[in-house]
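Structure below is coords.cif: mmCIF, N, CA and C atoms.
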data_upload
loop_
_atom_site.label_atom_id
_atom_site.label_comp_id
_atom_site.auth_asym_id
_atom_site.auth_seq_id
_atom_site.Cartn_x
_atom_site.Cartn_y
_atom_site.Cartn_z
N MET A 67 -46.02 -6.89 15.72
CA MET A 67 -45.14 -7.98 15.38
C MET A 67 -45.56 -9.20 16.17
N SER A 68 -46.23 -10.09 15.55
CA SER A 68 -46.62 -11.32 16.23
C SER A 68 -46.45 -12.48 15.28
N GLY A 69 -46.33 -13.64 15.86
CA GLY A 69 -46.13 -14.84 15.06
C GLY A 69 -44.66 -15.20 14.99
N PRO A 70 -44.38 -16.35 14.39
CA PRO A 70 -43.01 -16.84 14.33
C PRO A 70 -42.16 -16.05 13.32
N LEU A 71 -40.85 -16.06 13.54
CA LEU A 71 -39.92 -15.44 12.59
C LEU A 71 -39.49 -16.52 11.60
N ILE A 72 -39.79 -16.31 10.33
CA ILE A 72 -39.45 -17.30 9.32
C ILE A 72 -38.00 -17.07 8.89
N ILE A 73 -37.16 -18.08 9.08
CA ILE A 73 -35.74 -17.97 8.75
C ILE A 73 -35.51 -18.30 7.28
N ARG A 74 -35.81 -19.52 6.90
CA ARG A 74 -35.67 -19.91 5.50
C ARG A 74 -36.52 -21.15 5.27
N GLY A 75 -37.29 -21.13 4.20
CA GLY A 75 -38.14 -22.27 3.89
C GLY A 75 -39.20 -22.47 4.96
N SER A 76 -39.25 -23.67 5.50
CA SER A 76 -40.25 -23.96 6.53
C SER A 76 -39.69 -23.83 7.94
N VAL A 77 -38.44 -23.41 8.07
CA VAL A 77 -37.82 -23.27 9.39
C VAL A 77 -38.16 -21.90 9.96
N SER A 78 -38.68 -21.89 11.17
CA SER A 78 -39.05 -20.63 11.80
C SER A 78 -38.78 -20.71 13.31
N VAL A 79 -38.66 -19.53 13.91
CA VAL A 79 -38.46 -19.42 15.36
C VAL A 79 -39.81 -19.06 15.97
N PRO A 80 -40.34 -19.89 16.88
CA PRO A 80 -41.65 -19.57 17.47
C PRO A 80 -41.58 -18.33 18.36
N GLU A 81 -42.70 -17.65 18.43
CA GLU A 81 -42.82 -16.41 19.21
C GLU A 81 -42.48 -16.66 20.69
N ALA A 82 -42.76 -17.86 21.19
CA ALA A 82 -42.52 -18.17 22.60
C ALA A 82 -41.03 -18.16 22.95
N GLU A 83 -40.15 -18.36 21.97
CA GLU A 83 -38.70 -18.39 22.25
C GLU A 83 -38.06 -17.00 22.17
N LEU A 84 -38.83 -15.98 21.83
CA LEU A 84 -38.29 -14.63 21.72
C LEU A 84 -38.55 -13.87 23.01
N LEU A 85 -37.54 -13.20 23.51
CA LEU A 85 -37.67 -12.40 24.73
C LEU A 85 -37.56 -10.93 24.35
N TRP A 86 -38.60 -10.15 24.66
CA TRP A 86 -38.64 -8.73 24.32
C TRP A 86 -38.38 -7.91 25.58
N ARG A 87 -37.56 -6.86 25.45
CA ARG A 87 -37.35 -5.90 26.54
C ARG A 87 -37.48 -4.51 25.97
N PHE A 88 -38.07 -3.62 26.73
CA PHE A 88 -38.29 -2.26 26.25
C PHE A 88 -37.69 -1.29 27.25
N SER A 89 -37.12 -0.21 26.72
CA SER A 89 -36.55 0.82 27.60
C SER A 89 -36.64 2.16 26.89
N ARG A 90 -36.29 3.21 27.61
CA ARG A 90 -36.32 4.54 27.01
C ARG A 90 -35.20 4.68 26.01
N SER A 91 -35.54 5.29 24.91
CA SER A 91 -34.59 5.46 23.83
C SER A 91 -33.97 6.83 23.87
N SER A 92 -32.74 6.94 23.35
CA SER A 92 -32.11 8.25 23.24
C SER A 92 -32.27 8.80 21.83
N GLY A 93 -33.01 8.09 21.01
CA GLY A 93 -33.19 8.48 19.61
C GLY A 93 -34.24 9.55 19.42
N PRO A 94 -34.80 9.64 18.21
CA PRO A 94 -35.77 10.68 17.89
C PRO A 94 -37.06 10.54 18.69
N GLY A 95 -37.75 11.66 18.90
CA GLY A 95 -39.02 11.61 19.60
C GLY A 95 -39.31 12.86 20.40
N GLY A 96 -38.36 13.76 20.51
CA GLY A 96 -38.61 15.00 21.24
C GLY A 96 -38.86 14.73 22.71
N GLN A 97 -39.78 15.48 23.32
CA GLN A 97 -40.08 15.30 24.74
C GLN A 97 -40.77 13.96 24.98
N HIS A 98 -41.41 13.45 23.95
CA HIS A 98 -42.11 12.17 24.05
C HIS A 98 -41.15 11.03 24.40
N VAL A 99 -39.89 11.17 24.00
CA VAL A 99 -38.90 10.11 24.21
C VAL A 99 -38.61 9.91 25.69
N ASN A 100 -38.86 10.89 26.51
CA ASN A 100 -38.61 10.78 27.95
C ASN A 100 -39.69 10.01 28.68
N THR A 101 -40.81 9.76 28.04
CA THR A 101 -41.93 9.14 28.73
C THR A 101 -42.29 7.75 28.23
N THR A 102 -41.81 7.36 27.06
CA THR A 102 -42.20 6.07 26.52
C THR A 102 -40.99 5.15 26.34
N ASP A 103 -41.26 3.89 26.42
CA ASP A 103 -40.22 2.88 26.22
C ASP A 103 -40.22 2.45 24.76
N SER A 104 -39.56 3.24 23.92
CA SER A 104 -39.58 2.94 22.49
C SER A 104 -38.38 2.12 22.03
N ARG A 105 -37.33 2.02 22.84
CA ARG A 105 -36.17 1.21 22.48
C ARG A 105 -36.52 -0.25 22.70
N VAL A 106 -36.15 -1.10 21.74
CA VAL A 106 -36.51 -2.51 21.80
C VAL A 106 -35.25 -3.36 21.80
N GLU A 107 -35.22 -4.32 22.69
CA GLU A 107 -34.14 -5.31 22.70
C GLU A 107 -34.79 -6.68 22.54
N LEU A 108 -34.40 -7.37 21.50
CA LEU A 108 -34.94 -8.70 21.22
C LEU A 108 -33.85 -9.72 21.50
N ARG A 109 -34.18 -10.69 22.35
CA ARG A 109 -33.21 -11.72 22.72
C ARG A 109 -33.73 -13.08 22.28
N PHE A 110 -32.79 -13.92 21.85
CA PHE A 110 -33.13 -15.26 21.40
C PHE A 110 -32.07 -16.21 21.93
N ASN A 111 -32.49 -17.26 22.62
CA ASN A 111 -31.56 -18.23 23.19
C ASN A 111 -31.18 -19.24 22.12
N LEU A 112 -30.10 -18.95 21.43
CA LEU A 112 -29.66 -19.79 20.32
C LEU A 112 -29.13 -21.14 20.82
N ALA A 113 -28.50 -21.14 21.97
CA ALA A 113 -27.90 -22.37 22.50
C ALA A 113 -28.96 -23.38 22.93
N ALA A 114 -30.12 -22.92 23.38
CA ALA A 114 -31.13 -23.83 23.92
C ALA A 114 -32.29 -24.10 22.97
N THR A 115 -32.31 -23.51 21.81
CA THR A 115 -33.46 -23.66 20.91
C THR A 115 -33.50 -25.03 20.24
N ASP A 116 -34.71 -25.49 19.96
CA ASP A 116 -34.91 -26.70 19.18
C ASP A 116 -35.61 -26.37 17.86
N ALA A 117 -35.78 -25.08 17.60
CA ALA A 117 -36.49 -24.65 16.40
C ALA A 117 -35.63 -24.81 15.14
N LEU A 118 -34.31 -24.76 15.31
CA LEU A 118 -33.41 -24.88 14.16
C LEU A 118 -32.90 -26.31 14.04
N PRO A 119 -32.70 -26.78 12.81
CA PRO A 119 -32.09 -28.10 12.64
C PRO A 119 -30.69 -28.12 13.28
N PRO A 120 -30.24 -29.26 13.78
CA PRO A 120 -28.95 -29.32 14.48
C PRO A 120 -27.77 -28.77 13.67
N VAL A 121 -27.75 -29.04 12.38
CA VAL A 121 -26.64 -28.56 11.53
C VAL A 121 -26.67 -27.03 11.47
N TRP A 122 -27.84 -26.46 11.28
CA TRP A 122 -27.98 -25.00 11.21
C TRP A 122 -27.61 -24.37 12.55
N LYS A 123 -28.06 -25.01 13.63
CA LYS A 123 -27.80 -24.48 14.96
C LYS A 123 -26.29 -24.44 15.24
N GLN A 124 -25.60 -25.52 14.89
CA GLN A 124 -24.15 -25.58 15.09
C GLN A 124 -23.44 -24.51 14.26
N ARG A 125 -23.88 -24.37 13.02
CA ARG A 125 -23.30 -23.35 12.12
C ARG A 125 -23.50 -21.95 12.70
N ALA A 126 -24.71 -21.68 13.18
CA ALA A 126 -25.02 -20.37 13.74
C ALA A 126 -24.22 -20.11 15.01
N LEU A 127 -24.07 -21.12 15.87
CA LEU A 127 -23.29 -20.96 17.09
C LEU A 127 -21.84 -20.62 16.79
N GLU A 128 -21.29 -21.25 15.75
CA GLU A 128 -19.90 -20.97 15.37
C GLU A 128 -19.75 -19.57 14.78
N ARG A 129 -20.65 -19.22 13.88
CA ARG A 129 -20.53 -17.93 13.17
C ARG A 129 -20.90 -16.73 14.03
N LEU A 130 -21.77 -16.92 15.00
CA LEU A 130 -22.21 -15.81 15.85
C LEU A 130 -21.58 -15.87 17.24
N ALA A 131 -20.52 -16.62 17.41
CA ALA A 131 -19.90 -16.81 18.72
C ALA A 131 -19.51 -15.49 19.38
N ASP A 132 -19.04 -14.52 18.59
CA ASP A 132 -18.62 -13.24 19.18
C ASP A 132 -19.80 -12.36 19.57
N ARG A 133 -20.99 -12.66 19.11
CA ARG A 133 -22.18 -11.86 19.44
C ARG A 133 -23.00 -12.47 20.57
N LEU A 134 -22.72 -13.71 20.92
CA LEU A 134 -23.51 -14.40 21.95
C LEU A 134 -23.01 -14.05 23.35
N THR A 135 -23.94 -14.03 24.29
CA THR A 135 -23.55 -13.85 25.69
C THR A 135 -23.06 -15.20 26.21
N SER A 136 -22.60 -15.24 27.44
CA SER A 136 -22.03 -16.47 28.00
C SER A 136 -23.05 -17.61 28.08
N ASP A 137 -24.33 -17.27 28.21
CA ASP A 137 -25.34 -18.33 28.28
C ASP A 137 -26.02 -18.60 26.94
N GLY A 138 -25.45 -18.13 25.84
CA GLY A 138 -25.95 -18.45 24.51
C GLY A 138 -27.06 -17.57 23.99
N LEU A 139 -27.27 -16.40 24.59
CA LEU A 139 -28.31 -15.48 24.13
C LEU A 139 -27.78 -14.58 23.02
N LEU A 140 -28.58 -14.41 22.00
CA LEU A 140 -28.29 -13.49 20.90
C LEU A 140 -29.20 -12.29 21.07
N ALA A 141 -28.62 -11.10 21.18
CA ALA A 141 -29.42 -9.89 21.42
C ALA A 141 -29.32 -8.94 20.23
N VAL A 142 -30.46 -8.35 19.87
CA VAL A 142 -30.55 -7.36 18.80
C VAL A 142 -31.34 -6.19 19.33
N THR A 143 -30.85 -4.96 19.12
CA THR A 143 -31.56 -3.78 19.59
C THR A 143 -31.95 -2.89 18.42
N ALA A 144 -33.01 -2.12 18.64
CA ALA A 144 -33.47 -1.15 17.65
C ALA A 144 -34.05 0.05 18.37
N SER A 145 -33.59 1.25 17.98
CA SER A 145 -34.11 2.46 18.60
C SER A 145 -34.16 3.63 17.62
N GLU A 146 -34.13 3.33 16.33
CA GLU A 146 -34.08 4.42 15.35
C GLU A 146 -35.43 5.03 15.02
N HIS A 147 -36.51 4.37 15.39
CA HIS A 147 -37.85 4.90 15.10
C HIS A 147 -38.47 5.50 16.36
N ARG A 148 -39.48 6.32 16.16
CA ARG A 148 -40.16 6.94 17.30
C ARG A 148 -41.11 5.98 17.99
N SER A 149 -41.66 5.05 17.25
CA SER A 149 -42.66 4.17 17.86
C SER A 149 -42.05 2.82 18.23
N GLN A 150 -42.56 2.28 19.30
CA GLN A 150 -42.09 0.98 19.76
C GLN A 150 -42.43 -0.09 18.73
N TRP A 151 -43.58 0.02 18.10
CA TRP A 151 -44.02 -0.97 17.12
C TRP A 151 -43.04 -1.06 15.96
N ARG A 152 -42.62 0.07 15.42
CA ARG A 152 -41.67 0.06 14.30
C ARG A 152 -40.30 -0.45 14.73
N ASN A 153 -39.90 -0.14 15.97
CA ASN A 153 -38.64 -0.67 16.49
C ASN A 153 -38.72 -2.18 16.69
N ARG A 154 -39.89 -2.66 17.08
CA ARG A 154 -40.08 -4.12 17.19
C ARG A 154 -39.92 -4.78 15.84
N GLU A 155 -40.51 -4.18 14.81
CA GLU A 155 -40.38 -4.74 13.46
C GLU A 155 -38.92 -4.71 12.99
N ALA A 156 -38.22 -3.62 13.28
CA ALA A 156 -36.82 -3.49 12.88
C ALA A 156 -35.96 -4.54 13.58
N ALA A 157 -36.17 -4.76 14.86
CA ALA A 157 -35.39 -5.74 15.62
C ALA A 157 -35.67 -7.15 15.10
N ALA A 158 -36.93 -7.45 14.82
CA ALA A 158 -37.28 -8.77 14.30
C ALA A 158 -36.65 -9.00 12.93
N THR A 159 -36.66 -7.96 12.09
CA THR A 159 -36.05 -8.08 10.76
C THR A 159 -34.55 -8.31 10.88
N ARG A 160 -33.90 -7.61 11.80
CA ARG A 160 -32.45 -7.78 12.01
C ARG A 160 -32.12 -9.19 12.50
N LEU A 161 -32.92 -9.68 13.44
CA LEU A 161 -32.67 -11.03 13.96
C LEU A 161 -32.87 -12.07 12.86
N THR A 162 -33.91 -11.90 12.06
CA THR A 162 -34.15 -12.82 10.95
C THR A 162 -32.98 -12.81 9.98
N ALA A 163 -32.51 -11.62 9.63
CA ALA A 163 -31.39 -11.51 8.69
C ALA A 163 -30.13 -12.14 9.27
N LEU A 164 -29.88 -11.90 10.56
CA LEU A 164 -28.70 -12.49 11.21
C LEU A 164 -28.74 -14.01 11.17
N LEU A 165 -29.88 -14.58 11.54
CA LEU A 165 -30.01 -16.03 11.57
C LEU A 165 -29.98 -16.63 10.17
N THR A 166 -30.56 -15.94 9.20
CA THR A 166 -30.53 -16.42 7.83
C THR A 166 -29.10 -16.48 7.32
N GLN A 167 -28.35 -15.43 7.58
CA GLN A 167 -26.96 -15.37 7.13
C GLN A 167 -26.09 -16.38 7.87
N ALA A 168 -26.32 -16.54 9.16
CA ALA A 168 -25.49 -17.44 9.97
C ALA A 168 -25.75 -18.91 9.68
N THR A 169 -26.96 -19.24 9.22
CA THR A 169 -27.29 -20.64 8.97
C THR A 169 -27.11 -21.04 7.51
N ALA A 170 -26.70 -20.10 6.68
CA ALA A 170 -26.50 -20.39 5.26
C ALA A 170 -25.38 -21.41 5.08
N PRO A 171 -25.49 -22.27 4.08
CA PRO A 171 -24.42 -23.25 3.86
C PRO A 171 -23.13 -22.56 3.43
N PRO A 172 -22.00 -23.16 3.74
CA PRO A 172 -20.73 -22.53 3.34
C PRO A 172 -20.62 -22.48 1.82
N PRO A 173 -19.91 -21.48 1.30
CA PRO A 173 -19.77 -21.38 -0.15
C PRO A 173 -18.95 -22.54 -0.71
N LYS A 174 -19.17 -22.85 -1.98
CA LYS A 174 -18.41 -23.92 -2.61
C LYS A 174 -16.93 -23.55 -2.63
N ALA A 175 -16.10 -24.53 -2.41
CA ALA A 175 -14.65 -24.29 -2.39
C ALA A 175 -14.18 -23.90 -3.79
N ARG A 176 -13.28 -22.94 -3.84
CA ARG A 176 -12.76 -22.48 -5.11
C ARG A 176 -11.77 -23.51 -5.64
N ARG A 177 -11.96 -23.89 -6.89
CA ARG A 177 -11.05 -24.84 -7.51
C ARG A 177 -9.92 -24.04 -8.15
N PRO A 178 -8.69 -24.19 -7.67
CA PRO A 178 -7.61 -23.39 -8.22
C PRO A 178 -7.36 -23.74 -9.69
N THR A 179 -7.13 -22.73 -10.47
CA THR A 179 -6.87 -22.93 -11.90
C THR A 179 -5.40 -22.64 -12.19
N LYS A 180 -4.89 -23.25 -13.24
CA LYS A 180 -3.51 -23.06 -13.61
C LYS A 180 -3.43 -21.96 -14.66
N ILE A 181 -2.46 -21.06 -14.49
CA ILE A 181 -2.27 -19.98 -15.45
C ILE A 181 -1.64 -20.57 -16.70
N PRO A 182 -2.22 -20.31 -17.88
CA PRO A 182 -1.63 -20.84 -19.12
C PRO A 182 -0.19 -20.34 -19.33
N ARG A 183 0.64 -21.19 -19.90
CA ARG A 183 2.05 -20.86 -20.07
C ARG A 183 2.25 -19.64 -20.95
N GLY A 184 1.45 -19.50 -21.99
CA GLY A 184 1.59 -18.37 -22.91
C GLY A 184 1.34 -17.03 -22.22
N ILE A 185 0.34 -17.00 -21.33
CA ILE A 185 0.03 -15.76 -20.61
C ILE A 185 1.17 -15.40 -19.67
N ASN A 186 1.72 -16.39 -19.00
CA ASN A 186 2.82 -16.14 -18.07
C ASN A 186 4.06 -15.65 -18.82
N GLU A 187 4.36 -16.27 -19.95
CA GLU A 187 5.52 -15.84 -20.75
C GLU A 187 5.34 -14.41 -21.25
N ARG A 188 4.14 -14.06 -21.71
CA ARG A 188 3.88 -12.71 -22.19
C ARG A 188 4.05 -11.69 -21.06
N ARG A 189 3.58 -12.03 -19.87
CA ARG A 189 3.72 -11.14 -18.73
C ARG A 189 5.19 -10.91 -18.40
N LEU A 190 5.99 -11.97 -18.41
CA LEU A 190 7.41 -11.83 -18.12
C LEU A 190 8.13 -11.03 -19.21
N ARG A 191 7.73 -11.22 -20.47
CA ARG A 191 8.34 -10.48 -21.59
C ARG A 191 8.05 -8.98 -21.46
N VAL A 192 6.82 -8.62 -21.13
CA VAL A 192 6.44 -7.21 -20.96
C VAL A 192 7.19 -6.61 -19.78
N LYS A 193 7.36 -7.38 -18.70
CA LYS A 193 8.12 -6.89 -17.55
C LYS A 193 9.57 -6.61 -17.94
N LYS A 194 10.15 -7.48 -18.72
CA LYS A 194 11.55 -7.31 -19.14
C LYS A 194 11.70 -6.09 -20.03
N GLN A 195 10.73 -5.87 -20.94
CA GLN A 195 10.78 -4.69 -21.82
C GLN A 195 10.68 -3.41 -20.99
N ARG A 196 9.79 -3.41 -20.02
CA ARG A 196 9.62 -2.24 -19.17
C ARG A 196 10.89 -1.97 -18.37
N SER A 197 11.54 -3.01 -17.89
CA SER A 197 12.78 -2.89 -17.15
C SER A 197 13.88 -2.28 -18.03
N GLN A 198 13.96 -2.72 -19.28
CA GLN A 198 14.96 -2.18 -20.21
C GLN A 198 14.70 -0.70 -20.47
N THR A 199 13.43 -0.34 -20.63
CA THR A 199 13.07 1.07 -20.87
C THR A 199 13.51 1.93 -19.70
N LYS A 200 13.25 1.47 -18.49
CA LYS A 200 13.61 2.27 -17.32
C LYS A 200 15.12 2.30 -17.11
N ARG A 201 15.79 1.21 -17.41
CA ARG A 201 17.25 1.18 -17.26
C ARG A 201 17.91 2.16 -18.22
N GLY A 202 17.31 2.35 -19.37
CA GLY A 202 17.86 3.29 -20.36
C GLY A 202 17.72 4.74 -19.95
N ARG A 203 16.96 5.04 -18.92
CA ARG A 203 16.72 6.43 -18.51
C ARG A 203 17.72 6.92 -17.46
N ASN A 204 18.61 6.07 -16.94
CA ASN A 204 19.42 6.46 -15.80
C ASN A 204 20.57 7.41 -16.15
N GLY A 205 20.85 7.64 -17.39
CA GLY A 205 21.84 8.64 -17.79
C GLY A 205 23.27 8.13 -17.75
N ALA A 206 23.49 6.86 -17.52
CA ALA A 206 24.87 6.32 -17.51
C ALA A 206 25.43 6.36 -18.94
N GLY A 207 26.69 6.74 -19.05
CA GLY A 207 27.35 6.78 -20.37
C GLY A 207 27.09 8.06 -21.13
N TRP A 208 26.63 9.10 -20.48
CA TRP A 208 26.37 10.39 -21.15
C TRP A 208 27.57 11.32 -21.04
N ASP A 209 28.70 10.86 -20.58
CA ASP A 209 29.87 11.69 -20.36
C ASP A 209 30.37 12.32 -21.59
#

Represent the supplied structure as C-alpha cells.
Amino acid sequence: MSGPLIIRGSVSVPEAELLWRFSRSSGPGGQHVNTTDSRVELRFNLAATDALPPVWKQRALERLADRLTSDGLLAVTASEHRSQWRNREAAATRLTALLTQATAPPPKARRPTKIPRGINERRLRVKKQRSQTKRGRNGAGWD
C-alpha cells in the first residue's frame, strides 16, 4: 500500500500525512500470530490536514466528531487478515470510505407535498366503515 489515498475526483490524502502503527493481532494466524505484527492502525490528522478543501474538511470534522481523538486524529484499525499487507489495504480502504462518506454533500432537502383531498376523504371513509363493523360485533342489544 503506497501512494496517496484518493478520496473523490482529484482530491487525495498524501502518504506523508498517514501514520501507520503495527502490533500483534488476536485474529487468525495460529502460532504465527504471536510473532508478527499483523494488526494495523492507520491514523490521519483530520484537524491539521491541508489536503482536503476547507468545506470538505469542516463537513468531515462535524460528521466524524465522535470518532476523532482530542487532537483531531482519526484512527482506523484492521486485523482480520493474516498478513500485515492485506490489513494495511483493508485499513486504507476503510479510511478512504470514511472520508468519502463524511465529505459528501448533504442530501437535497425534501420538499413536503400536500395530500390530495380525495385521498384523505377516502381514508377517513374507510376508517369510519371499519369502526362501524367493529362496533356491530360487541353484542349489545342481544337480550

Step by step, work through what the PyMOL selection byres ((chain A and resi 70) around 5) selects in the shown file, and finish by giving those residues as a list in words.
-> Ser68, Gly69, Leu71, Ile72, Val79, Pro80 and Glu81 of chain A

Hey, could you make a per-residue contact list for range 99-124 of chain A against range 129-139 of chain A with 5 Å as the cut-off, showing the nearest pair of atoms and its distance in Å to one decimal, counting only N, CA and C atoms, sorted by chain and number, as JSON lines?
{"residue": "A:Phe110", "atom": "C", "partner": "A:Leu139", "partner_atom": "CA", "distance": 4.4}
{"residue": "A:Asn111", "atom": "CA", "partner": "A:Leu139", "partner_atom": "CA", "distance": 4.4}
{"residue": "A:Leu112", "atom": "N", "partner": "A:Gly138", "partner_atom": "C", "distance": 4.2}
{"residue": "A:Ala113", "atom": "N", "partner": "A:Gly138", "partner_atom": "C", "distance": 4.3}

Please dump the current selection as a PDB file, keeping the file's coordinate frame; keep N, CA and C atoms.
ATOM      1  N   PHE A 110     -32.790 -13.920  21.850  1.00  0.00           N
ATOM      2  CA  PHE A 110     -33.130 -15.260  21.400  1.00  0.00           C
ATOM      3  C   PHE A 110     -32.070 -16.210  21.930  1.00  0.00           C
ATOM      4  N   ASN A 111     -32.490 -17.260  22.620  1.00  0.00           N
ATOM      5  CA  ASN A 111     -31.560 -18.230  23.190  1.00  0.00           C
ATOM      6  C   ASN A 111     -31.180 -19.240  22.120  1.00  0.00           C
ATOM      7  N   LEU A 112     -30.100 -18.950  21.430  1.00  0.00           N
ATOM      8  CA  LEU A 112     -29.660 -19.790  20.320  1.00  0.00           C
ATOM      9  C   LEU A 112     -29.130 -21.140  20.820  1.00  0.00           C
ATOM     10  N   ALA A 113     -28.500 -21.140  21.970  1.00  0.00           N
ATOM     11  CA  ALA A 113     -27.900 -22.370  22.500  1.00  0.00           C
ATOM     12  C   ALA A 113     -28.960 -23.380  22.930  1.00  0.00           C
TER      13      ALA A 113
END

Take the PyMOL selection byres ((chain A and resi 145) around 6.5), run it mentally on this structure, and tell me the resulting residues as a PDB file with N, CA and C atoms, in the coordinates of the input.
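Wrote it out as out.pdb, contents follow:
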ATOM      1  N   SER A  91     -35.540   5.290  24.910  1.00  0.00           N
ATOM      2  CA  SER A  91     -34.590   5.460  23.830  1.00  0.00           C
ATOM      3  C   SER A  91     -33.970   6.830  23.870  1.00  0.00           C
ATOM      4  N   GLY A  93     -33.010   8.090  21.010  1.00  0.00           N
ATOM      5  CA  GLY A  93     -33.190   8.480  19.610  1.00  0.00           C
ATOM      6  C   GLY A  93     -34.240   9.550  19.420  1.00  0.00           C
ATOM      7  N   PRO A  94     -34.800   9.640  18.210  1.00  0.00           N
ATOM      8  CA  PRO A  94     -35.770  10.680  17.890  1.00  0.00           C
ATOM      9  C   PRO A  94     -37.060  10.540  18.690  1.00  0.00           C
ATOM     10  N   SER A 104     -39.560   3.240  23.920  1.00  0.00           N
ATOM     11  CA  SER A 104     -39.580   2.940  22.490  1.00  0.00           C
ATOM     12  C   SER A 104     -38.380   2.120  22.030  1.00  0.00           C
ATOM     13  N   ARG A 105     -37.330   2.020  22.840  1.00  0.00           N
ATOM     14  CA  ARG A 105     -36.170   1.210  22.480  1.00  0.00           C
ATOM     15  C   ARG A 105     -36.520  -0.250  22.700  1.00  0.00           C
ATOM     16  N   VAL A 106     -36.150  -1.100  21.740  1.00  0.00           N
ATOM     17  CA  VAL A 106     -36.510  -2.510  21.800  1.00  0.00           C
ATOM     18  C   VAL A 106     -35.250  -3.360  21.800  1.00  0.00           C
ATOM     19  N   THR A 143     -30.850  -4.960  19.120  1.00  0.00           N
ATOM     20  CA  THR A 143     -31.560  -3.780  19.590  1.00  0.00           C
ATOM     21  C   THR A 143     -31.950  -2.890  18.420  1.00  0.00           C
ATOM     22  N   ALA A 144     -33.010  -2.120  18.640  1.00  0.00           N
ATOM     23  CA  ALA A 144     -33.470  -1.150  17.650  1.00  0.00           C
ATOM     24  C   ALA A 144     -34.050   0.050  18.370  1.00  0.00           C
ATOM     25  N   GLU A 146     -34.130   3.330  16.330  1.00  0.00           N
ATOM     26  CA  GLU A 146     -34.080   4.420  15.350  1.00  0.00           C
ATOM     27  C   GLU A 146     -35.430   5.030  15.020  1.00  0.00           C
ATOM     28  N   HIS A 147     -36.510   4.370  15.390  1.00  0.00           N
ATOM     29  CA  HIS A 147     -37.850   4.900  15.100  1.00  0.00           C
ATOM     30  C   HIS A 147     -38.470   5.500  16.360  1.00  0.00           C
ATOM     31  N   ARG A 148     -39.480   6.320  16.160  1.00  0.00           N
ATOM     32  CA  ARG A 148     -40.160   6.940  17.300  1.00  0.00           C
ATOM     33  C   ARG A 148     -41.110   5.980  17.990  1.00  0.00           C
ATOM     34  N   ASN A 153     -39.900  -0.140  15.970  1.00  0.00           N
ATOM     35  CA  ASN A 153     -38.640  -0.670  16.490  1.00  0.00           C
ATOM     36  C   ASN A 153     -38.720  -2.180  16.690  1.00  0.00           C
TER      37      ASN A 153
END

List the residues selected by the PyMOL selection byres (((chain A and resi 163-173 and name CA) around 9) and name CA) in the file shown, writing them as a PyMOL selection string.
-> chain A and resi 73-74+121-130+158-162+174-176

May I have the residues from that selection written out with N, CA and C atoms, as a compact mmCIF listing (two decimals), keeping the file's coordinate frame?
# COMPACT_ATOMS: atom_id res chain seq x y z
N ILE A 73 -37.16 -18.08 9.08
CA ILE A 73 -35.74 -17.97 8.75
C ILE A 73 -35.51 -18.30 7.28
N ARG A 74 -35.81 -19.52 6.90
CA ARG A 74 -35.67 -19.91 5.50
C ARG A 74 -36.52 -21.15 5.27
N VAL A 121 -27.75 -29.04 12.38
CA VAL A 121 -26.64 -28.56 11.53
C VAL A 121 -26.67 -27.03 11.47
N TRP A 122 -27.84 -26.46 11.28
CA TRP A 122 -27.98 -25.00 11.21
C TRP A 122 -27.61 -24.37 12.55
N LYS A 123 -28.06 -25.01 13.63
CA LYS A 123 -27.80 -24.48 14.96
C LYS A 123 -26.29 -24.44 15.24
N GLN A 124 -25.60 -25.52 14.89
CA GLN A 124 -24.15 -25.58 15.09
C GLN A 124 -23.44 -24.51 14.26
N ARG A 125 -23.88 -24.37 13.02
CA ARG A 125 -23.30 -23.35 12.12
C ARG A 125 -23.50 -21.95 12.70
N ALA A 126 -24.71 -21.68 13.18
CA ALA A 126 -25.02 -20.37 13.74
C ALA A 126 -24.22 -20.11 15.01
N LEU A 127 -24.07 -21.12 15.87
CA LEU A 127 -23.29 -20.96 17.09
C LEU A 127 -21.84 -20.62 16.79
N GLU A 128 -21.29 -21.25 15.75
CA GLU A 128 -19.90 -20.97 15.37
C GLU A 128 -19.75 -19.57 14.78
N ARG A 129 -20.65 -19.22 13.88
CA ARG A 129 -20.53 -17.93 13.17
C ARG A 129 -20.90 -16.73 14.03
N LEU A 130 -21.77 -16.92 15.00
CA LEU A 130 -22.21 -15.81 15.85
C LEU A 130 -21.58 -15.87 17.24
N ALA A 158 -36.93 -7.45 14.82
CA ALA A 158 -37.28 -8.77 14.30
C ALA A 158 -36.65 -9.00 12.93
N THR A 159 -36.66 -7.96 12.09
CA THR A 159 -36.05 -8.08 10.76
C THR A 159 -34.55 -8.31 10.88
N ARG A 160 -33.90 -7.61 11.80
CA ARG A 160 -32.45 -7.78 12.01
C ARG A 160 -32.12 -9.19 12.50
N LEU A 161 -32.92 -9.68 13.44
CA LEU A 161 -32.67 -11.03 13.96
C LEU A 161 -32.87 -12.07 12.86
N THR A 162 -33.91 -11.90 12.06
CA THR A 162 -34.15 -12.82 10.95
C THR A 162 -32.98 -12.81 9.98
N LYS A 174 -19.17 -22.85 -1.98
CA LYS A 174 -18.41 -23.92 -2.61
C LYS A 174 -16.93 -23.55 -2.63
N ALA A 175 -16.10 -24.53 -2.41
CA ALA A 175 -14.65 -24.29 -2.39
C ALA A 175 -14.18 -23.90 -3.79
N ARG A 176 -13.28 -22.94 -3.84
CA ARG A 176 -12.76 -22.48 -5.11
C ARG A 176 -11.77 -23.51 -5.64

Around range 129-138 of chain A, with edges along x, y and z and 5 Å added on all six sides, what centre and edge lengths do you get, in Å to one decimal, as lines of an AutoDock Vina configuration file?
center_x = -22.8
center_y = -15.5
center_z = 20.7
size_x = 18.4
size_y = 17.4
size_z = 25.1

For CA of Ile185 in chain A and CA of Lys200 in chain A, quote the distance in Å rounded to one decimal.
->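 So the answer is 22.8 Å.
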
Distance in Å - atom N of Ser92 in chain A versus atom N of Arg154 in chain A =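 Calculated distance between atom N of Ser92 in chain A and atom N of Arg154 in chain A is 13.5 Å.
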
State, in Å with one decimal place, the distance from CA of Gln195 in chain A to atom N of Ile181 in chain A.
-> 22.3 Å

At most 6 Å from (-40.1, -10.3, 22.4), file frame, only N, CA and C atoms: which residues, as a PyMOL selection string?
-> chain A and resi 84-87+108-109

DSSP says helix (DSSP H, G or I) for which residues of range 179-208 of chain A? Put them as a list in words?
->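 Selecting the helix (DSSP H, G or I) positions of range 179-208 of chain A gives Arg183, Gly184, Ile185, Asn186, Glu187, Arg188, Arg189, Leu190, Arg191, Val192, Lys193, Lys194, Gln195, Arg196, Ser197, Gln198, Thr199, Lys200 and Arg201 of chain A.
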